[in-house]
$ cat query_20.cif   # mmCIF, C-alpha atoms
data_protein
#
loop_
_atom_site.label_atom_id
_atom_site.label_comp_id
_atom_site.auth_asym_id
_atom_site.auth_seq_id
_atom_site.Cartn_x
_atom_site.Cartn_y
_atom_site.Cartn_z
CA MET A 17 1.47 -7.62 -19.43
CA PRO A 18 -1.80 -6.02 -18.28
CA LYS A 19 -3.38 -8.05 -15.48
CA PHE A 20 -6.92 -8.17 -14.14
CA LEU A 21 -8.35 -9.67 -10.96
CA ARG A 22 -11.83 -10.87 -10.08
CA ILE A 23 -12.41 -11.46 -6.39
CA GLY A 24 -14.50 -14.50 -5.48
CA VAL A 25 -18.08 -13.42 -4.78
CA LEU A 26 -19.64 -15.00 -1.71
CA GLN A 27 -23.22 -14.70 -2.90
CA SER A 28 -22.94 -16.00 -6.44
CA ASN A 29 -19.79 -18.04 -6.92
CA VAL A 30 -20.88 -21.66 -7.36
CA SER A 31 -17.45 -22.85 -6.26
CA GLY A 32 -17.48 -20.71 -3.14
CA TYR A 33 -14.29 -18.70 -2.82
CA THR A 34 -12.64 -18.85 -6.22
CA SER A 35 -10.82 -15.67 -7.20
CA LYS A 36 -9.42 -15.45 -10.74
CA ALA A 37 -6.76 -13.52 -12.56
CA TRP A 38 -6.56 -12.87 -16.30
CA CYS A 39 -3.52 -11.50 -18.13
CA VAL A 40 -3.07 -10.35 -21.73
CA ARG A 41 -0.11 -9.19 -23.80
CA ARG A 42 0.05 -8.30 -27.47
CA VAL A 43 3.21 -8.78 -29.52
CA GLY A 44 2.73 -7.82 -33.14
CA SER A 45 -0.10 -9.89 -34.53
CA ALA A 46 -0.10 -12.40 -31.64
CA VAL A 47 -1.98 -12.12 -28.36
CA PHE A 48 -0.69 -14.02 -25.33
CA LEU A 49 -3.27 -14.93 -22.68
CA LYS A 50 -2.82 -16.35 -19.19
CA TRP A 51 -5.57 -17.05 -16.66
CA GLY A 52 -6.39 -19.15 -13.64
CA ALA A 53 -7.43 -19.34 -9.99
CA VAL A 54 -5.61 -17.18 -7.46
CA GLU A 55 -5.47 -16.63 -3.71
CA VAL A 56 -5.86 -13.08 -2.41
CA HIS A 57 -4.32 -12.22 0.95
CA GLY A 58 -4.87 -8.90 2.70
CA ALA A 59 -6.33 -5.70 1.31
CA GLY A 60 -5.25 -2.31 0.01
CA ALA A 61 -1.56 -1.60 -0.55
CA GLY A 62 -0.57 -4.73 1.38
CA ARG A 63 -2.68 -7.09 -0.74
CA LYS A 64 -0.80 -10.03 -2.26
CA VAL A 65 -2.05 -12.27 -5.06
CA TYR A 66 -0.78 -15.81 -5.67
CA TRP A 67 -1.58 -18.36 -8.36
CA SER A 68 -3.40 -21.27 -6.67
CA ARG A 69 -2.13 -23.61 -9.36
CA LEU A 70 -0.36 -23.36 -12.69
CA PRO A 71 -2.30 -20.89 -14.86
CA GLN A 72 -3.61 -21.81 -18.29
CA GLU A 73 -1.96 -20.15 -21.28
CA LYS A 74 -3.05 -19.53 -24.86
CA ILE A 75 -1.69 -17.78 -27.94
CA VAL A 76 -4.14 -16.20 -30.38
CA ARG A 77 -2.64 -15.44 -33.81
CA CYS A 78 -4.59 -12.64 -35.51
CA ARG A 79 -2.59 -12.30 -38.77
CA THR A 80 -2.35 -8.51 -38.50
CA ALA A 81 -1.31 -6.16 -35.70
CA GLN A 82 -4.56 -4.19 -36.04
CA ARG A 83 -6.66 -7.32 -35.58
CA ALA A 84 -4.57 -8.27 -32.56
CA GLN A 85 -5.07 -4.82 -31.09
CA ASP A 86 -8.83 -4.98 -31.66
CA TYR A 87 -8.97 -8.47 -30.16
CA THR A 88 -7.10 -7.30 -27.05
CA LYS A 89 -9.33 -4.27 -26.52
CA ALA A 90 -12.49 -6.34 -26.88
CA ALA A 91 -11.17 -9.03 -24.52
CA ILE A 92 -10.30 -6.45 -21.86
CA ALA A 93 -13.75 -4.83 -22.18
CA ARG A 94 -15.41 -8.21 -21.68
CA ARG A 95 -13.40 -8.91 -18.55
CA ARG A 96 -14.30 -5.55 -17.06
CA ASN A 97 -17.95 -6.37 -17.62
CA HIS A 98 -17.32 -9.59 -15.68
CA ARG A 99 -16.26 -7.58 -12.57
CA TYR A 100 -12.52 -7.78 -13.14
CA GLU A 101 -10.40 -4.95 -11.76
CA PRO A 102 -7.01 -3.81 -13.09
CA LEU A 103 -4.17 -5.38 -11.11
CA ALA A 104 -0.91 -3.44 -10.92
CA GLY A 105 1.19 -5.77 -8.77
CA PRO A 106 2.70 -9.15 -9.62
CA ILE A 107 1.02 -12.54 -9.36
CA ALA A 108 3.45 -14.87 -7.62
CA PHE A 109 3.60 -18.62 -7.22
CA ARG A 110 3.07 -19.38 -3.55
CA ARG A 111 5.58 -21.78 -2.07
CA ARG A 112 3.89 -23.94 0.51
CA PRO A 113 5.78 -25.67 3.31
CA ALA A 114 6.39 -29.35 2.76
CA GLU A 115 3.70 -31.52 4.30
CA ARG A 116 4.70 -34.30 6.64
CA GLY A 117 2.21 -36.60 5.05
CA THR A 118 0.59 -36.59 1.65
CA GLU A 119 -2.49 -38.57 2.63
CA PRO A 120 -5.68 -36.47 2.90
CA ARG A 121 -7.17 -36.25 6.38
CA GLN A 122 -10.58 -35.29 7.66
CA ALA A 123 -11.27 -32.49 10.11
CA LEU A 124 -14.39 -31.17 11.81
CA ALA A 125 -14.96 -27.49 12.53
CA THR A 126 -17.48 -24.69 12.72
CA ILE A 127 -17.03 -22.50 9.66
CA LEU A 128 -17.69 -18.76 9.87
CA ILE A 129 -18.26 -16.57 6.82
CA VAL A 130 -18.22 -12.77 7.09
CA ASP A 131 -19.22 -10.50 4.19
CA ILE A 132 -19.67 -6.72 3.98
CA VAL A 133 -23.09 -5.66 2.70
CA GLY A 134 -23.08 -3.09 -0.11
CA SER A 135 -19.29 -2.87 -0.26
CA THR A 136 -19.13 -1.88 -3.94
CA ALA A 137 -21.42 1.13 -3.44
CA LYS A 138 -19.53 2.21 -0.31
CA ALA A 139 -16.18 1.94 -2.09
CA ALA A 140 -17.47 4.04 -5.00
CA ARG A 141 -18.83 6.66 -2.62
CA LEU A 142 -15.71 6.90 -0.44
CA GLY A 143 -13.06 6.64 -3.15
CA ASP A 144 -10.05 4.33 -3.24
CA ALA A 145 -7.93 6.08 -0.60
CA ARG A 146 -10.62 6.28 2.09
CA TRP A 147 -11.97 2.82 1.29
CA THR A 148 -8.49 1.30 1.65
CA LYS A 149 -8.22 2.82 5.14
CA VAL A 150 -11.67 1.54 6.09
CA MET A 151 -10.77 -1.95 4.88
CA GLY A 152 -7.56 -1.87 6.88
CA HIS A 153 -9.53 -1.09 10.06
CA TYR A 154 -12.11 -3.72 9.09
CA TYR A 155 -9.57 -6.53 8.78
CA ALA A 156 -7.85 -5.43 11.99
CA ALA A 157 -11.18 -5.57 13.86
CA VAL A 158 -12.09 -8.98 12.43
CA ARG A 159 -8.69 -10.46 13.26
CA LYS A 160 -8.78 -9.08 16.79
CA GLU A 161 -12.09 -10.80 17.49
CA LEU A 162 -10.92 -14.03 15.84
CA LYS A 163 -7.90 -14.07 18.13
CA THR A 164 -10.02 -13.33 21.21
CA CYS A 165 -12.52 -16.11 20.41
CA GLY A 166 -9.99 -18.72 19.27
CA GLY A 167 -10.85 -18.60 15.58
CA LYS A 168 -8.45 -19.48 12.78
CA GLU A 169 -8.46 -17.32 9.65
CA VAL A 170 -8.44 -19.46 6.51
CA VAL A 171 -8.68 -16.96 3.65
CA THR A 172 -9.84 -13.46 2.77
CA THR A 173 -11.59 -12.75 -0.52
CA GLY A 174 -12.11 -9.10 -1.27
CA ASP A 175 -14.22 -8.00 1.69
CA GLY A 176 -15.04 -11.53 2.84
CA VAL A 177 -13.38 -13.56 5.58
CA LEU A 178 -13.55 -17.31 6.15
CA ALA A 179 -12.49 -18.70 9.53
CA THR A 180 -12.88 -21.92 11.50
CA PHE A 181 -13.58 -22.67 15.16
CA ARG A 182 -13.36 -25.81 17.23
CA LYS A 183 -16.51 -24.91 19.14
CA PRO A 184 -19.69 -23.52 17.54
CA ALA A 185 -20.46 -21.36 20.57
CA ALA A 186 -17.14 -19.57 20.08
CA GLY A 187 -18.00 -18.98 16.43
CA ILE A 188 -21.37 -17.44 17.32
CA ALA A 189 -19.79 -15.24 20.00
CA CYS A 190 -17.16 -14.10 17.51
CA ALA A 191 -19.77 -13.29 14.87
CA THR A 192 -21.63 -11.04 17.30
CA ALA A 193 -18.41 -9.36 18.43
CA ILE A 194 -17.36 -8.68 14.84
CA GLN A 195 -20.74 -7.12 14.08
CA ASN A 196 -20.41 -4.72 16.99
CA ALA A 197 -16.81 -3.88 16.14
CA VAL A 198 -17.30 -3.06 12.44
CA ARG A 199 -20.48 -1.09 13.05
CA THR A 200 -18.30 1.69 14.44
CA LEU A 201 -16.69 1.86 10.98
CA GLY A 202 -20.07 2.49 9.35
CA LEU A 203 -20.17 -1.04 7.92
CA GLU A 204 -22.94 -3.62 7.93
CA ILE A 205 -22.04 -7.28 7.57
CA ARG A 206 -23.82 -10.55 7.03
CA VAL A 207 -22.53 -13.67 8.76
CA GLY A 208 -23.16 -17.37 8.21
CA LEU A 209 -22.03 -20.37 10.27
CA HIS A 210 -22.07 -24.06 9.48
CA ALA A 211 -20.52 -27.07 11.20
CA GLY A 212 -19.19 -29.99 9.21
CA GLU A 213 -16.30 -32.07 7.97
CA TYR A 214 -13.75 -31.00 5.39
CA THR A 215 -10.63 -32.52 3.90
CA ILE A 216 -7.07 -31.27 4.36
CA SER A 217 -4.91 -32.34 1.43
CA GLY A 218 -1.54 -30.90 0.45
CA GLY A 219 -2.10 -27.85 2.65
CA GLU A 220 -5.49 -27.11 1.03
CA MET A 221 -8.81 -27.28 2.88
CA VAL A 222 -11.69 -28.38 0.71
CA GLY A 223 -15.16 -29.76 1.21
CA LEU A 224 -18.89 -29.21 0.86
CA ALA A 225 -18.99 -27.71 4.35
CA PHE A 226 -17.30 -24.55 3.08
CA HIS A 227 -19.83 -24.19 0.27
CA ILE A 228 -22.74 -24.66 2.66
CA GLY A 229 -21.30 -22.00 4.96
CA THR A 230 -21.01 -19.64 2.00
CA ARG A 231 -24.64 -20.20 1.02
CA VAL A 232 -25.86 -19.74 4.59
CA ALA A 233 -24.10 -16.35 4.72
CA ALA A 234 -25.66 -15.39 1.37
CA LYS A 235 -29.13 -15.86 2.90
CA ALA A 236 -28.41 -13.40 5.72
CA ARG A 237 -29.47 -9.78 5.49
CA ALA A 238 -27.49 -6.81 6.76
CA GLY A 239 -26.86 -7.19 10.48
CA GLU A 240 -27.95 -10.84 10.61
CA VAL A 241 -26.07 -13.90 11.82
CA LEU A 242 -27.53 -17.10 10.40
CA VAL A 243 -26.55 -20.63 11.38
CA SER A 244 -27.32 -23.98 9.80
CA SER A 245 -29.27 -26.74 11.51
CA ALA A 246 -25.95 -28.52 12.12
CA VAL A 247 -24.78 -25.62 14.32
CA LYS A 248 -28.16 -25.44 16.03
CA GLU A 249 -27.94 -29.08 17.07
CA LEU A 250 -24.49 -28.56 18.57
CA VAL A 251 -25.52 -25.60 20.75
CA LYS A 252 -29.05 -26.64 21.77
CA ALA A 253 -27.82 -27.55 25.27
CA GLN A 254 -26.46 -24.01 25.80
CA PRO A 255 -29.30 -21.76 27.04
CA ALA A 256 -27.17 -18.62 26.74
CA ILE A 257 -27.42 -18.87 22.94
CA SER A 258 -30.81 -17.85 21.57
CA LEU A 259 -31.77 -18.91 18.04
CA ARG A 260 -34.94 -18.11 16.11
CA ASP A 261 -36.26 -20.25 13.26
CA HIS A 262 -35.51 -18.55 9.93
CA GLY A 263 -37.34 -21.05 7.74
CA VAL A 264 -36.34 -23.68 5.21
CA HIS A 265 -34.16 -22.55 2.31
CA ARG A 266 -32.70 -23.94 -0.86
CA LEU A 267 -28.97 -23.21 -0.89
CA LYS A 268 -27.58 -22.62 -4.37
CA GLY A 269 -25.55 -25.57 -5.59
CA VAL A 270 -26.16 -27.56 -2.38
CA PRO A 271 -28.37 -30.69 -2.31
CA GLU A 272 -31.67 -30.70 -0.41
CA ARG A 273 -33.28 -27.88 1.56
CA TRP A 274 -31.79 -26.51 4.76
CA ARG A 275 -33.46 -25.06 7.83
CA LEU A 276 -31.65 -21.95 9.03
CA TYR A 277 -31.72 -20.11 12.34
CA ARG A 278 -31.05 -16.48 13.23
CA VAL A 279 -28.95 -15.58 16.25
CA VAL A 280 -30.99 -13.37 18.59
CA GLY A 281 -29.39 -10.81 20.90
#
$ encode --input "query_20.cif" --output "structure tokens"
Amino acid sequence: MPKFLRIGVLQSNVSGYTSKAWCVRRVGSAVFLKWGAVEVHGAGAGRKVYWSRLPQEKIVRCRTAQRAQDYTKAAIARRRNHRYEPLAGPIAFRRRPAERGTEPRQALATILIVDIVGSTAKAARLGDARWTKVMGHYYAAVRKELKTCGGKEVVTTGDGVLATFRKPAAGIACATAIQNAVRTLGLEIRVGLHAGEYTISGGEMVGLAFHIGTRVAAKARAGEVLVSSAVKELVKAQPAISLRDHGVHRLKGVPERWRLYRVVG
């Protein structure tokens, strides 16, 4: 069954970090479809893809084998236009450890979003083999700085990384360190930070705070670290952190307007 994967796009995905898989198989005059949300862990040859929940399935009966073949070709062409990539490996069902309690609980953290600027063009220019090596070094550098600064990696999506910190100052320090580290790889990143509450339920972390963090990162330009007003309030008593007003912005899919600040130095 041919499979295709679309990595969640930080800048434009309304839902934030949703990655999707789409599968198709033709048997005679019938076309079998399967699609749904997936989690993507790692990059390159070590990348693993898991269904986030049970995928949806559909059977399209086309009466003739030729019609089924035409339907399949057209469906694949549409998916490729929607930024899907061919996926060679399997899509597994991720077994999560049993939770001690089933009741949702609230948590507070500083959320850091890292995204490579112009990654598609760089990948096309370098080719798959070289780009895979660069991405391996990129993730190694990001994870090293997360460990040093006490950050917790939540998920990777293509070339994006989402992590949480207990202290906003640690998140800002980590963002700056990651910028310096990946610059040696010839990469430019944009970073966004937001502080807020989210819900932990059944091993999943959900909440508007993640979406706000995503939108803050989308407003950053290459080489910039932007923080929300919530982060600014939490670090205003720390003179070592310098922030410059970046104006008021409307964040896509997020209520109200938000004042953002750029990390200086």
$ residues_around --input "query_20.cif" --residues "Ser35 (chain A)" --least-positions-apart "2" --cutoff "6 Å" --atoms "all atoms listed in the file" --output "list in words"
Arg22, Ile23, Gly24, Ala53 and Val54 of chain A
$ atom_distance --input "query_20.cif" --atom1 "CA of Leu250 (chain A)" --atom2 "CA of His210 (chain A)"
10.4 Å
$ closest_residue --input "query_20.cif" --among "A:Arg266, A:Arg273, A:Lys138, A:Arg63" --to "Gly152 (chain A)" --atoms "all atoms listed in the file"
A:Arg63
$ axis_aligned_box --input "query_20.cif" --around "region 133-136 of chain A" --padding-each-side "6 Å" --output "JSON"
{"center_x": -21.1, "center_y": -3.8, "center_z": -0.6, "size_x": 16.0, "size_y": 15.8, "size_z": 18.6}
$ residues_around --input "query_20.cif" --residues "Arg41 (chain A)" --least-positions-apart "6" --cutoff "8 Å" --atoms "only C-alpha atoms" --output "mmCIF file with C-alpha atoms, in the frame of the given file"
data_model
loop_
_atom_site.group_PDB
_atom_site.id
_atom_site.type_symbol
_atom_site.label_atom_id
_atom_site.label_comp_id
_atom_site.auth_asym_id
_atom_site.auth_seq_id
_atom_site.Cartn_x
_atom_site.Cartn_y
_atom_site.Cartn_z
ATOM 1 C CA MET A 17 1.470 -7.620 -19.430
ATOM 2 C CA PRO A 18 -1.800 -6.020 -18.280
ATOM 3 C CA VAL A 47 -1.980 -12.120 -28.360
ATOM 4 C CA PHE A 48 -0.690 -14.020 -25.330
ATOM 5 C CA LEU A 49 -3.270 -14.930 -22.680
ATOM 6 C CA THR A 88 -7.100 -7.300 -27.050
#
$ atom_distance --input "query_20.cif" --atom1 "CA of Thr172 (chain A)" --atom2 "CA of Leu259 (chain A)"
27.3 Å
$ closest_residue --input "query_20.cif" --among "A:Lys50, A:Thr126, A:Leu201, A:Leu276" --to "Ala156 (chain A)" --atoms "only C-alpha atoms"
A:Leu201
$ atom_distance --input "query_20.cif" --atom1 "CA of Glu169 (chain A)" --atom2 "CA of Leu21 (chain A)"
22.0 Å
$ resolve_selection --input "query_20.cif" --expression "the PyMOL selection byres ((chain A and resi 261) around 12)" --output "VMD selection string"
chain A and resid 242 to 245 248 258 to 260 262 to 265 274 to 280
$ residues_around --input "query_20.cif" --residues "Lys64 (chain A)" --least-positions-apart "4" --cutoff "9 Å" --atoms "all atoms listed in the file" --output "PyMOL selection string"
chain A and resi 55-59+105-108
$ write_last_selection --input "query_20.cif" --atoms "C-alpha atoms" --output "PDB file, keeping the file's coordinate frame"
ATOM      1  CA  GLU A  55      -5.470 -16.630  -3.710  1.00  0.00           C
ATOM      2  CA  VAL A  56      -5.860 -13.080  -2.410  1.00  0.00           C
ATOM      3  CA  HIS A  57      -4.320 -12.220   0.950  1.00  0.00           C
ATOM      4  CA  GLY A  58      -4.870  -8.900   2.700  1.00  0.00           C
ATOM      5  CA  ALA A  59      -6.330  -5.700   1.310  1.00  0.00           C
ATOM      6  CA  GLY A 105       1.190  -5.770  -8.770  1.00  0.00           C
ATOM      7  CA  PRO A 106       2.700  -9.150  -9.620  1.00  0.00           C
ATOM      8  CA  ILE A 107       1.020 -12.540  -9.360  1.00  0.00           C
ATOM      9  CA  ALA A 108       3.450 -14.870  -7.620  1.00  0.00           C
TER      10      ALA A 108
END
$ resolve_selection --input "query_20.cif" --expression "the PyMOL selection byres ((chain A and resi 235) around 10)" --output "PyMOL selection string"
chain A and resi 27+206-208+230-234+236-238+240-242+262+265-267+276
$ residues_near_point --input "query_20.cif" --point "(-3.2, -6.6, -14.6)" --cutoff "6 Å" --atoms "all atoms listed in the file" --output "VMD selection string"
chain A and resid 18 to 20 102 to 104
$ residues_near_point --input "query_20.cif" --point "(-20.0, -19.0, 21.8)" --cutoff "12 Å" --atoms "all atoms listed in the file" --output "PyMOL selection string"
chain A and resi 126+162+164-167+181-193+209+247-248+250-252+254-258+279
$ write_last_selection --input "query_20.cif" --atoms "C-alpha atoms" --output "PDB file, in the frame of the given file"
ATOM      1  CA  THR A 126     -17.480 -24.690  12.720  1.00  0.00           C
ATOM      2  CA  LEU A 162     -10.920 -14.030  15.840  1.00  0.00           C
ATOM      3  CA  THR A 164     -10.020 -13.330  21.210  1.00  0.00           C
ATOM      4  CA  CYS A 165     -12.520 -16.110  20.410  1.00  0.00           C
ATOM      5  CA  GLY A 166      -9.990 -18.720  19.270  1.00  0.00           C
ATOM      6  CA  GLY A 167     -10.850 -18.600  15.580  1.00  0.00           C
ATOM      7  CA  PHE A 181     -13.580 -22.670  15.160  1.00  0.00           C
ATOM      8  CA  ARG A 182     -13.360 -25.810  17.230  1.00  0.00           C
ATOM      9  CA  LYS A 183     -16.510 -24.910  19.140  1.00  0.00           C
ATOM     10  CA  PRO A 184     -19.690 -23.520  17.540  1.00  0.00           C
ATOM     11  CA  ALA A 185     -20.460 -21.360  20.570  1.00  0.00           C
ATOM     12  CA  ALA A 186     -17.140 -19.570  20.080  1.00  0.00           C
ATOM     13  CA  GLY A 187     -18.000 -18.980  16.430  1.00  0.00           C
ATOM     14  CA  ILE A 188     -21.370 -17.440  17.320  1.00  0.00           C
ATOM     15  CA  ALA A 189     -19.790 -15.240  20.000  1.00  0.00           C
ATOM     16  CA  CYS A 190     -17.160 -14.100  17.510  1.00  0.00           C
ATOM     17  CA  ALA A 191     -19.770 -13.290  14.870  1.00  0.00           C
ATOM     18  CA  THR A 192     -21.630 -11.040  17.300  1.00  0.00           C
ATOM     19  CA  ALA A 193     -18.410  -9.360  18.430  1.00  0.00           C
ATOM     20  CA  LEU A 209     -22.030 -20.370  10.270  1.00  0.00           C
ATOM     21  CA  VAL A 247     -24.780 -25.620  14.320  1.00  0.00           C
ATOM     22  CA  LYS A 248     -28.160 -25.440  16.030  1.00  0.00           C
ATOM     23  CA  LEU A 250     -24.490 -28.560  18.570  1.00  0.00           C
ATOM     24  CA  VAL A 251     -25.520 -25.600  20.750  1.00  0.00           C
ATOM     25  CA  LYS A 252     -29.050 -26.640  21.770  1.00  0.00           C
ATOM     26  CA  GLN A 254     -26.460 -24.010  25.800  1.00  0.00           C
ATOM     27  CA  PRO A 255     -29.300 -21.760  27.040  1.00  0.00           C
ATOM     28  CA  ALA A 256     -27.170 -18.620  26.740  1.00  0.00           C
ATOM     29  CA  ILE A 257     -27.420 -18.870  22.940  1.00  0.00           C
ATOM     30  CA  SER A 258     -30.810 -17.850  21.570  1.00  0.00           C
ATOM     31  CA  VAL A 279     -28.950 -15.580  16.250  1.00  0.00           C
TER      32      VAL A 279
END
$ closest_residue --input "query_20.cif" --among "A:Val170, A:Cys78, A:Leu224, A:Val158" --to "Val270 (chain A)" --atoms "only C-alpha atoms"
A:Leu224
$ closest_residue --input "query_20.cif" --among "A:Val40, A:Ala145, A:Val150, A:Ala179" --to "Thr200 (chain A)" --atoms "all atoms listed in the file"
A:Val150
$ resolve_selection --input "query_20.cif" --expression "the PyMOL selection byres ((chain A and resi 85-87) around 12)" --output "VMD selection string"
chain A and resid 40 to 49 76 to 84 88 to 94
$ residues_around --input "query_20.cif" --residues "Trp51 (chain A)" --least-positions-apart "3" --cutoff "8 Å" --atoms "all atoms listed in the file" --output "tab-separated table (two decimals) with C-alpha atoms, in the frame of the given file"
chain	number	residue	atom	x	y	z
A	36	LYS	CA	-9.42	-15.45	-10.74
A	37	ALA	CA	-6.76	-13.52	-12.56
A	38	TRP	CA	-6.56	-12.87	-16.30
A	39	CYS	CA	-3.52	-11.50	-18.13
A	71	PRO	CA	-2.30	-20.89	-14.86
A	72	GLN	CA	-3.61	-21.81	-18.29
A	73	GLU	CA	-1.96	-20.15	-21.28
$ closest_residue --input "query_20.cif" --among "A:Phe109, A:Tyr100, A:Lys149, A:Ile216" --to "Arg69 (chain A)" --atoms "all atoms listed in the file"
A:Phe109
$ closest_residue --input "query_20.cif" --among "A:Asp131, A:Ala157, A:Val177, A:Arg146" --to "Ile205 (chain A)" --atoms "only C-alpha atoms"
A:Asp131
$ decode --input "query_20.cif" --residues "region 159-166 of chain A" --atoms "all heavy atoms" --output "PDB file, in the first residue's frame"
ATOM      1  N   ARG A 159      19.214  18.934  20.943  1.00  0.00           N
ATOM      2  CA  ARG A 159      19.030  18.107  22.139  1.00  0.00           C
ATOM      3  C   ARG A 159      20.129  18.323  23.172  1.00  0.00           C
ATOM      4  O   ARG A 159      19.875  18.240  24.374  1.00  0.00           O
ATOM      5  CB  ARG A 159      18.931  16.640  21.726  1.00  0.00           C
ATOM      6  CG  ARG A 159      17.581  16.326  21.099  1.00  0.00           C
ATOM      7  CD  ARG A 159      17.531  15.028  20.357  1.00  0.00           C
ATOM      8  NE  ARG A 159      16.186  14.827  19.806  1.00  0.00           N
ATOM      9  CZ  ARG A 159      15.929  14.149  18.701  1.00  0.00           C
ATOM     10  NH1 ARG A 159      16.924  13.583  18.019  1.00  0.00           N
ATOM     11  NH2 ARG A 159      14.694  14.024  18.261  1.00  0.00           N
ATOM     12  N   LYS A 160      21.332  18.608  22.706  1.00  0.00           N
ATOM     13  CA  LYS A 160      22.415  18.910  23.637  1.00  0.00           C
ATOM     14  C   LYS A 160      22.100  20.166  24.440  1.00  0.00           C
ATOM     15  O   LYS A 160      22.273  20.194  25.669  1.00  0.00           O
ATOM     16  CB  LYS A 160      23.727  19.092  22.863  1.00  0.00           C
ATOM     17  CG  LYS A 160      24.906  19.461  23.761  1.00  0.00           C
ATOM     18  CD  LYS A 160      26.166  19.711  22.945  1.00  0.00           C
ATOM     19  CE  LYS A 160      27.310  20.163  23.849  1.00  0.00           C
ATOM     20  NZ  LYS A 160      28.529  20.469  23.066  1.00  0.00           N
ATOM     21  N   GLU A 161      21.625  21.202  23.764  1.00  0.00           N
ATOM     22  CA  GLU A 161      21.310  22.449  24.464  1.00  0.00           C
ATOM     23  C   GLU A 161      20.088  22.297  25.362  1.00  0.00           C
ATOM     24  O   GLU A 161      20.030  22.890  26.446  1.00  0.00           O
ATOM     25  CB  GLU A 161      21.092  23.587  23.456  1.00  0.00           C
ATOM     26  CG  GLU A 161      22.289  23.876  22.552  1.00  0.00           C
ATOM     27  CD  GLU A 161      23.556  24.187  23.324  1.00  0.00           C
ATOM     28  OE1 GLU A 161      23.473  24.632  24.485  1.00  0.00           O
ATOM     29  OE2 GLU A 161      24.641  23.963  22.750  1.00  0.00           O
ATOM     30  N   LEU A 162      19.110  21.506  24.924  1.00  0.00           N
ATOM     31  CA  LEU A 162      17.948  21.249  25.783  1.00  0.00           C
ATOM     32  C   LEU A 162      18.384  20.577  27.080  1.00  0.00           C
ATOM     33  O   LEU A 162      17.920  20.929  28.170  1.00  0.00           O
ATOM     34  CB  LEU A 162      16.934  20.358  25.056  1.00  0.00           C
ATOM     35  CG  LEU A 162      16.118  20.997  23.930  1.00  0.00           C
ATOM     36  CD1 LEU A 162      15.233  19.947  23.272  1.00  0.00           C
ATOM     37  CD2 LEU A 162      15.255  22.132  24.472  1.00  0.00           C
ATOM     38  N   LYS A 163      19.263  19.599  26.970  1.00  0.00           N
ATOM     39  CA  LYS A 163      19.750  18.897  28.157  1.00  0.00           C
ATOM     40  C   LYS A 163      20.517  19.833  29.076  1.00  0.00           C
ATOM     41  O   LYS A 163      20.346  19.819  30.300  1.00  0.00           O
ATOM     42  CB  LYS A 163      20.632  17.722  27.733  1.00  0.00           C
ATOM     43  CG  LYS A 163      21.122  16.871  28.902  1.00  0.00           C
ATOM     44  CD  LYS A 163      21.931  15.686  28.407  1.00  0.00           C
ATOM     45  CE  LYS A 163      22.406  14.823  29.577  1.00  0.00           C
ATOM     46  NZ  LYS A 163      23.214  13.677  29.093  1.00  0.00           N
ATOM     47  N   THR A 164      21.367  20.691  28.481  1.00  0.00           N
ATOM     48  CA  THR A 164      22.167  21.625  29.271  1.00  0.00           C
ATOM     49  C   THR A 164      21.293  22.609  30.026  1.00  0.00           C
ATOM     50  O   THR A 164      21.571  22.952  31.184  1.00  0.00           O
ATOM     51  CB  THR A 164      23.138  22.401  28.351  1.00  0.00           C
ATOM     52  OG1 THR A 164      24.008  21.469  27.706  1.00  0.00           O
ATOM     53  CG2 THR A 164      23.966  23.399  29.146  1.00  0.00           C
ATOM     54  N   CYS A 165      20.208  23.070  29.380  1.00  0.00           N
ATOM     55  CA  CYS A 165      19.359  24.116  29.968  1.00  0.00           C
ATOM     56  C   CYS A 165      18.158  23.557  30.729  1.00  0.00           C
ATOM     57  O   CYS A 165      17.322  24.332  31.226  1.00  0.00           O
ATOM     58  CB  CYS A 165      18.876  25.066  28.874  1.00  0.00           C
ATOM     59  SG  CYS A 165      20.215  25.964  28.042  1.00  0.00           S
ATOM     60  N   GLY A 166      18.036  22.245  30.805  1.00  0.00           N
ATOM     61  CA  GLY A 166      16.926  21.663  31.564  1.00  0.00           C
ATOM     62  C   GLY A 166      15.614  21.644  30.817  1.00  0.00           C
ATOM     63  O   GLY A 166      14.548  21.629  31.445  1.00  0.00           O
TER      64      GLY A 166
END
